[in-house]
Number of protein chains: 2
Amino acid sequence: MSIITIPDIVVGRLPIYLRALNFLVAEGREITSSQELGDRLGISSAQIRKDLSHFGEFGKQGTGYDISFLRDQLQRILQVDRIWDVVLIGAGDLGHALAHYGGFSGRGFRIAAVFDSDPDKVGQPLANLVIQDSQDLVDVVRQQAIYVALIATPASGAQPVADALVSAGIRAILNYAPITLTVPHGVRVQYIDPVAHLQRMTFYL
Amino acid sequence: MSIITIPDIVVGRLPIYLRALNFLVAEGREITSSQELGDRLGISSAQIRKDLSHFGEFGKQGTGYDISFLRDQLQRILQVDRIWDVVLIGAGDLGHALAHYGGFSGRGFRIAAVFDSDPDKVGQPLANLVIQDSQDLVDVVRQQAIYVALIATPASGAQPVADALVSAGIRAILNYAPITLTVPHGVRVQYIDPVAHLQRMTFYL
DNA sequence: TAGATTGTTAATCGATTAACAATC
DNA sequence: TAGATTGTTAATCGATTAACAATC
């Protein structure tokens, strides 16, 4: 038996390729090349071809890639040729910004429920939703069969929320709280910490 | 002549180490080890020791690391033992969330100016600032000697804004717009695209 | 001292790139 | 056909890990 695994670093570049292809589609372009794509993204053309070769043959020698076709293929590979319901925990400023963000739909995601533990917020409307009580988080996530979560709570609440999410069946967490989460094997976590990104740059200034 | 360069991937982990050390300080802890730090972060102890060894010797054999001391050293290395003024462009939902975010101060940053191109927003207060006209962006950034920027505009505006920022002397850009920016050598860019992070995880679901 | 943990070396592992045959 | 660009191989490059002497 042979298990073929795709390097995670390759998976991480696919959304960037997809984003660029959508941009090219919006520009009205029909054909591109690994060279052009690489120039735009600051990635070598060889790397793009190698990355794509893990999944199949999507181009034509001498011509390049049909942009719409390659986009469809990447959407399929990343499983965003469907819409994923997402649960949002935390209805503070960041939660509000995420709830109003127009960029999820069209790229495979929809915020389907919002939770907060503040009694003053529970019951209030947020975008097209109503803020629910965090006490009901596990039940609702389980019942609605939601597998993707955004954590937008203060750092102190993030680990307990993550534990609850995992027990409710969540499989992917995007964590905005500036803390490293501990989750069981099989649950994926990505982090967004703007300060960490800034600090990575000030090193060079 | 020999140029010793630190791998960027190492620089990228330092803010994670720093964050964990601050967490340990908050817990009242005084000493830690590469083993404990690695367990918390999901990183091997060897990697942590190797990363730190690029910058000096910060530990004691048999004992480990003095948490406060190592934190101070990392702050110095990352140059966040000072406060960097940051300019924020875009006063939409995300801009509001960033302006109100309490996590910048204490980690080396302070939003010092906010800009938007919408005449209805210019002049309005936002957190402890007043939204300024994007037309004045270059002048203000230059005069206040700001080197770090947050782009929180729609995708369509991000590249022109980046061009203006570069001409104003900005050296580090954290870009929330879902688009790859083209900037001159010497200007650093980091990206935050929540959808890209989510797509990287749905691949595995 | 005995036990523990660092800093560093060398080996391993994995990712990137250069190059080119295949072919549109 | 001539020119262009893919997909793939092999070489290079770089990052991670295992192991251990040094030493607190």
# chains A, B, ... in the order shown; residues from 1 in each chain; ligands from 1

call {"tool": "closest_atom_pairs", "arguments": {"of": "chain D", "to": "chain A", "cutoff": "12 Å", "atoms": "only C-alpha atoms (C1' of nucleotides)", "output": "Markdown table"}}
result
| residue | atom | partner | partner_atom | distance |
| --- | --- | --- | --- | --- |
| D:DA2 | C1' | A:Gly62 | CA | 11.3 |
| D:DG3 | C1' | A:Gly62 | CA | 7.9 |
| D:DA4 | C1' | A:Gly62 | CA | 4.3 |
| D:DT5 | C1' | A:Gly62 | CA | 4.0 |
| D:DT6 | C1' | A:Gln61 | CA | 4.2 |
| D:DG7 | C1' | A:Ser53 | CA | 6.9 |
| D:DT8 | C1' | A:Lys50 | CA | 8.3 |
| D:DT9 | C1' | A:Lys50 | CA | 11.3 |

call {"tool": "write_last_selection", "arguments": {"atoms": "N, CA, C and O atoms (P, O5', C5', C4', C3', O3' and C1' of nucleotides)", "output": "PDB file, in the first residue's frame"}}
result
ATOM      1  P    DA D   2      11.122  24.610 -39.233  1.00  0.00           P
ATOM      2  O5'  DA D   2      10.489  25.708 -38.262  1.00  0.00           O
ATOM      3  C5'  DA D   2       9.965  26.923 -38.797  1.00  0.00           C
ATOM      4  C4'  DA D   2       9.597  27.840 -37.657  1.00  0.00           C
ATOM      5  C3'  DA D   2      10.681  27.994 -36.596  1.00  0.00           C
ATOM      6  O3'  DA D   2      10.643  29.320 -36.095  1.00  0.00           O
ATOM      7  C1'  DA D   2       8.787  26.989 -35.605  1.00  0.00           C
ATOM      8  P    DG D   3      11.502  29.765 -34.791  1.00  0.00           P
ATOM      9  O5'  DG D   3      10.364  29.820 -33.678  1.00  0.00           O
ATOM     10  C5'  DG D   3       9.155  30.537 -33.944  1.00  0.00           C
ATOM     11  C4'  DG D   3       8.289  30.512 -32.712  1.00  0.00           C
ATOM     12  C3'  DG D   3       9.046  30.785 -31.420  1.00  0.00           C
ATOM     13  O3'  DG D   3       8.257  31.668 -30.629  1.00  0.00           O
ATOM     14  C1'  DG D   3       7.957  28.696 -31.258  1.00  0.00           C
ATOM     15  P    DA D   4       8.706  32.078 -29.147  1.00  0.00           P
ATOM     16  O5'  DA D   4       7.672  31.279 -28.252  1.00  0.00           O
ATOM     17  C5'  DA D   4       6.288  31.240 -28.610  1.00  0.00           C
ATOM     18  C4'  DA D   4       5.585  30.305 -27.662  1.00  0.00           C
ATOM     19  C3'  DA D   4       5.992  30.472 -26.200  1.00  0.00           C
ATOM     20  O3'  DA D   4       4.818  30.581 -25.421  1.00  0.00           O
ATOM     21  C1'  DA D   4       6.244  28.208 -26.861  1.00  0.00           C
ATOM     22  P    DT D   5       4.871  31.034 -23.900  1.00  0.00           P
ATOM     23  O5'  DT D   5       4.589  29.653 -23.169  1.00  0.00           O
ATOM     24  C5'  DT D   5       3.383  28.954 -23.445  1.00  0.00           C
ATOM     25  C4'  DT D   5       3.497  27.588 -22.826  1.00  0.00           C
ATOM     26  C3'  DT D   5       4.025  27.594 -21.386  1.00  0.00           C
ATOM     27  O3'  DT D   5       3.159  26.833 -20.589  1.00  0.00           O
ATOM     28  C1'  DT D   5       5.163  26.017 -22.671  1.00  0.00           C
ATOM     29  P    DT D   6       3.248  26.776 -19.008  1.00  0.00           P
ATOM     30  O5'  DT D   6       2.896  25.235 -18.814  1.00  0.00           O
ATOM     31  C5'  DT D   6       1.768  24.692 -19.492  1.00  0.00           C
ATOM     32  C4'  DT D   6       2.027  23.238 -19.824  1.00  0.00           C
ATOM     33  C3'  DT D   6       2.200  22.354 -18.595  1.00  0.00           C
ATOM     34  O3'  DT D   6       1.206  21.341 -18.590  1.00  0.00           O
ATOM     35  C1'  DT D   6       4.019  22.057 -20.139  1.00  0.00           C
ATOM     36  P    DG D   7       0.756  20.658 -17.248  1.00  0.00           P
ATOM     37  O5'  DG D   7       1.837  19.501 -17.106  1.00  0.00           O
ATOM     38  C5'  DG D   7       1.757  18.378 -17.977  1.00  0.00           C
ATOM     39  C4'  DG D   7       2.954  17.480 -17.737  1.00  0.00           C
ATOM     40  C3'  DG D   7       3.114  16.971 -16.306  1.00  0.00           C
ATOM     41  O3'  DG D   7       3.463  15.585 -16.410  1.00  0.00           O
ATOM     42  C1'  DG D   7       5.095  18.072 -16.954  1.00  0.00           C
ATOM     43  P    DT D   8       3.757  14.700 -15.141  1.00  0.00           P
ATOM     44  O5'  DT D   8       5.340  14.664 -15.145  1.00  0.00           O
ATOM     45  C5'  DT D   8       6.014  14.169 -16.294  1.00  0.00           C
ATOM     46  C4'  DT D   8       7.498  14.145 -16.015  1.00  0.00           C
ATOM     47  C3'  DT D   8       7.877  13.617 -14.641  1.00  0.00           C
ATOM     48  O3'  DT D   8       9.020  12.799 -14.786  1.00  0.00           O
ATOM     49  C1'  DT D   8       8.847  15.715 -14.966  1.00  0.00           C
ATOM     50  P    DT D   9       9.316  11.647 -13.726  1.00  0.00           P
ATOM     51  O5'  DT D   9      10.891  11.542 -13.901  1.00  0.00           O
ATOM     52  C5'  DT D   9      11.496  11.869 -15.170  1.00  0.00           C
ATOM     53  C4'  DT D   9      12.827  12.525 -14.907  1.00  0.00           C
ATOM     54  C3'  DT D   9      13.545  12.011 -13.664  1.00  0.00           C
ATOM     55  O3'  DT D   9      14.849  11.590 -14.022  1.00  0.00           O
ATOM     56  C1'  DT D   9      13.447  14.373 -13.637  1.00  0.00           C
TER      57       DT D   9
END

call {"tool": "closest_atom_pairs", "arguments": {"of": "chain B", "to": "chain A", "cutoff": "6 Å", "atoms": "only C-alpha atoms", "output": "tab-separated table"}}
result
residue	atom	partner	partner_atom	distance
B:Gly12	CA	A:Arg200	CA	5.4
B:Pro15	CA	A:Ala196	CA	5.2
B:Leu78	CA	A:Phe203	CA	4.3
B:Gln79	CA	A:Phe203	CA	5.8
B:Asp93	CA	A:Ala97	CA	4.8
B:Leu94	CA	A:Ala97	CA	5.2
B:Ala97	CA	A:Asp93	CA	4.8
B:Ala196	CA	A:Pro15	CA	5.2
B:Arg200	CA	A:Gly12	CA	5.4
B:Phe203	CA	A:Leu78	CA	4.3

call {"tool": "write_last_selection", "arguments": {"atoms": "N, CA, C and O atoms", "output": "PDB file, in the first residue's frame"}}
result
ATOM      1  N   GLY B  12      10.101  34.287  11.317  1.00  0.00           N
ATOM      2  CA  GLY B  12       8.652  34.136  11.429  1.00  0.00           C
ATOM      3  C   GLY B  12       8.216  33.392  12.677  1.00  0.00           C
ATOM      4  O   GLY B  12       7.077  33.561  13.136  1.00  0.00           O
ATOM      5  N   PRO B  15       8.051  35.662  16.687  1.00  0.00           N
ATOM      6  CA  PRO B  15       6.866  36.253  17.324  1.00  0.00           C
ATOM      7  C   PRO B  15       6.003  35.209  18.047  1.00  0.00           C
ATOM      8  O   PRO B  15       5.359  35.529  19.042  1.00  0.00           O
ATOM      9  N   LEU B  78      13.448  41.522  17.643  1.00  0.00           N
ATOM     10  CA  LEU B  78      12.360  41.862  16.723  1.00  0.00           C
ATOM     11  C   LEU B  78      12.116  43.366  16.654  1.00  0.00           C
ATOM     12  O   LEU B  78      11.247  43.830  15.913  1.00  0.00           O
ATOM     13  N   GLN B  79      12.891  44.106  17.463  1.00  0.00           N
ATOM     14  CA  GLN B  79      12.765  45.565  17.509  1.00  0.00           C
ATOM     15  C   GLN B  79      11.396  46.024  17.991  1.00  0.00           C
ATOM     16  O   GLN B  79      10.921  47.091  17.586  1.00  0.00           O
ATOM     17  N   ASP B  93     -15.593  48.172   8.088  1.00  0.00           N
ATOM     18  CA  ASP B  93     -15.777  47.316   9.261  1.00  0.00           C
ATOM     19  C   ASP B  93     -14.436  46.817   9.790  1.00  0.00           C
ATOM     20  O   ASP B  93     -14.173  46.850  10.990  1.00  0.00           O
ATOM     21  N   LEU B  94     -13.597  46.353   8.865  1.00  0.00           N
ATOM     22  CA  LEU B  94     -12.306  45.830   9.292  1.00  0.00           C
ATOM     23  C   LEU B  94     -11.448  46.934   9.889  1.00  0.00           C
ATOM     24  O   LEU B  94     -10.801  46.741  10.933  1.00  0.00           O
ATOM     25  N   ALA B  97     -12.541  47.586  13.341  1.00  0.00           N
ATOM     26  CA  ALA B  97     -12.102  46.527  14.259  1.00  0.00           C
ATOM     27  C   ALA B  97     -10.625  46.696  14.599  1.00  0.00           C
ATOM     28  O   ALA B  97     -10.215  46.570  15.760  1.00  0.00           O
ATOM     29  N   ALA B 196      -8.264  32.376   2.383  1.00  0.00           N
ATOM     30  CA  ALA B 196      -7.152  31.516   1.971  1.00  0.00           C
ATOM     31  C   ALA B 196      -6.823  30.508   3.073  1.00  0.00           C
ATOM     32  O   ALA B 196      -6.561  29.336   2.798  1.00  0.00           O
ATOM     33  N   ARG B 200      -7.275  26.411   2.791  1.00  0.00           N
ATOM     34  CA  ARG B 200      -6.173  25.508   3.066  1.00  0.00           C
ATOM     35  C   ARG B 200      -6.616  24.359   3.960  1.00  0.00           C
ATOM     36  O   ARG B 200      -6.020  23.273   3.932  1.00  0.00           O
ATOM     37  N   PHE B 203      -9.360  21.616   2.188  1.00  0.00           N
ATOM     38  CA  PHE B 203      -8.706  20.583   1.387  1.00  0.00           C
ATOM     39  C   PHE B 203      -8.716  19.243   2.110  1.00  0.00           C
ATOM     40  O   PHE B 203      -8.889  18.196   1.486  1.00  0.00           O
TER      41      PHE B 203
END

call {"tool": "select_by_dssp", "arguments": {"residues": "stretch 21-157 of chain B", "states": "strand (DSSP E)", "output": "ChimeraX atom specification"}}
result
/B:31-32,59-60,64-66,84-89,109-116,125-126,129-133,148-151

call {"tool": "select_by_dssp", "arguments": {"residues": "stretch 51-142 of chain B", "states": "alpha helix (DSSP H)", "output": "count of residues only"}}
result
28

call {"tool": "residues_around", "arguments": {"residues": "stretch 131-142 of chain B", "least_positions_apart": "6", "cutoff": "6 Å", "atoms": "only C-alpha atoms (C1' of nucleotides)", "output": "list in words"}}
result
Val114, Phe115, Asp116, Ser117, Val122, Gly123, Gln124 and Ala168 of chain B

call {"tool": "residues_around", "arguments": {"residues": "C:DA15", "least_positions_apart": "4", "cutoff": "9 Å", "atoms": "only C-alpha atoms (C1' of nucleotides)", "output": "PDB file with N, CA, C and O atoms (P, O5', C5', C4', C3', O3' and C1' of nucleotides), in the first residue's frame"}}
result
ATOM      1  P    DC D  13      23.341  25.162  -5.272  1.00  0.00           P
ATOM      2  O5'  DC D  13      22.295  25.618  -4.175  1.00  0.00           O
ATOM      3  C5'  DC D  13      20.938  25.886  -4.569  1.00  0.00           C
ATOM      4  C4'  DC D  13      20.034  25.622  -3.384  1.00  0.00           C
ATOM      5  C3'  DC D  13      20.596  26.116  -2.062  1.00  0.00           C
ATOM      6  O3'  DC D  13      19.822  27.232  -1.669  1.00  0.00           O
ATOM      7  C1'  DC D  13      19.538  23.976  -1.855  1.00  0.00           C
ATOM      8  P    DG D  14      20.167  28.076  -0.372  1.00  0.00           P
ATOM      9  O5'  DG D  14      19.173  27.444   0.703  1.00  0.00           O
ATOM     10  C5'  DG D  14      17.796  27.293   0.392  1.00  0.00           C
ATOM     11  C4'  DG D  14      17.137  26.521   1.498  1.00  0.00           C
ATOM     12  C3'  DG D  14      17.543  26.948   2.910  1.00  0.00           C
ATOM     13  O3'  DG D  14      16.365  26.946   3.675  1.00  0.00           O
ATOM     14  C1'  DG D  14      17.801  24.658   2.703  1.00  0.00           C
ATOM     15  P    DA D  15      16.241  27.666   5.083  1.00  0.00           P
ATOM     16  O5'  DA D  15      15.066  26.851   5.771  1.00  0.00           O
ATOM     17  C5'  DA D  15      14.268  25.944   5.028  1.00  0.00           C
ATOM     18  C4'  DA D  15      13.930  24.746   5.867  1.00  0.00           C
ATOM     19  C3'  DA D  15      13.912  25.003   7.362  1.00  0.00           C
ATOM     20  O3'  DA D  15      12.786  24.336   7.895  1.00  0.00           O
ATOM     21  C1'  DA D  15      15.396  23.232   6.890  1.00  0.00           C
TER      22       DA D  15
END

call {"tool": "atom_distance", "arguments": {"atom1": "atom CA of A:Leu129", "atom2": "atom CA of A:Gly102"}}
result
14.4 Å

call {"tool": "decode", "arguments": {"residues": "chain C", "atoms": "C-alpha atoms (C1' of nucleotides)", "output": "PDB file, in the first residue's frame"}}
result
ATOM      1  C1'  DT C   1      27.743  14.744  42.727  1.00  0.00           C
ATOM      2  C1'  DA C   2      23.784  13.291  39.692  1.00  0.00           C
ATOM      3  C1'  DG C   3      20.410  14.922  36.774  1.00  0.00           C
ATOM      4  C1'  DA C   4      18.910  17.985  33.472  1.00  0.00           C
ATOM      5  C1'  DT C   5      19.135  20.897  29.583  1.00  0.00           C
ATOM      6  C1'  DT C   6      21.626  23.814  26.577  1.00  0.00           C
ATOM      7  C1'  DG C   7      24.130  24.886  22.148  1.00  0.00           C
ATOM      8  C1'  DT C   8      25.997  22.733  18.221  1.00  0.00           C
ATOM      9  C1'  DT C   9      27.298  19.300  14.854  1.00  0.00           C
ATOM     10  C1'  DA C  10      26.305  16.057  11.427  1.00  0.00           C
ATOM     11  C1'  DA C  11      22.842  13.416   9.243  1.00  0.00           C
ATOM     12  C1'  DT C  12      18.437  13.259   7.409  1.00  0.00           C
ATOM     13  C1'  DC C  13      14.714  14.916   5.302  1.00  0.00           C
ATOM     14  C1'  DG C  14      12.074  17.739   2.237  1.00  0.00           C
ATOM     15  C1'  DA C  15      11.416  21.642  -0.878  1.00  0.00           C
ATOM     16  C1'  DT C  16      12.949  24.374  -4.746  1.00  0.00           C
ATOM     17  C1'  DT C  17      15.054  24.995  -9.062  1.00  0.00           C
ATOM     18  C1'  DA C  18      17.240  24.120 -13.486  1.00  0.00           C
ATOM     19  C1'  DA C  19      16.886  21.802 -17.472  1.00  0.00           C
ATOM     20  C1'  DC C  20      14.788  19.422 -21.183  1.00  0.00           C
ATOM     21  C1'  DA C  21      12.039  15.954 -23.746  1.00  0.00           C
ATOM     22  C1'  DA C  22       7.413  15.935 -25.080  1.00  0.00           C
ATOM     23  C1'  DT C  23       4.043  18.096 -27.574  1.00  0.00           C
ATOM     24  C1'  DC C  24       0.561  21.549 -28.538  1.00  0.00           C
TER      25       DC C  24
END
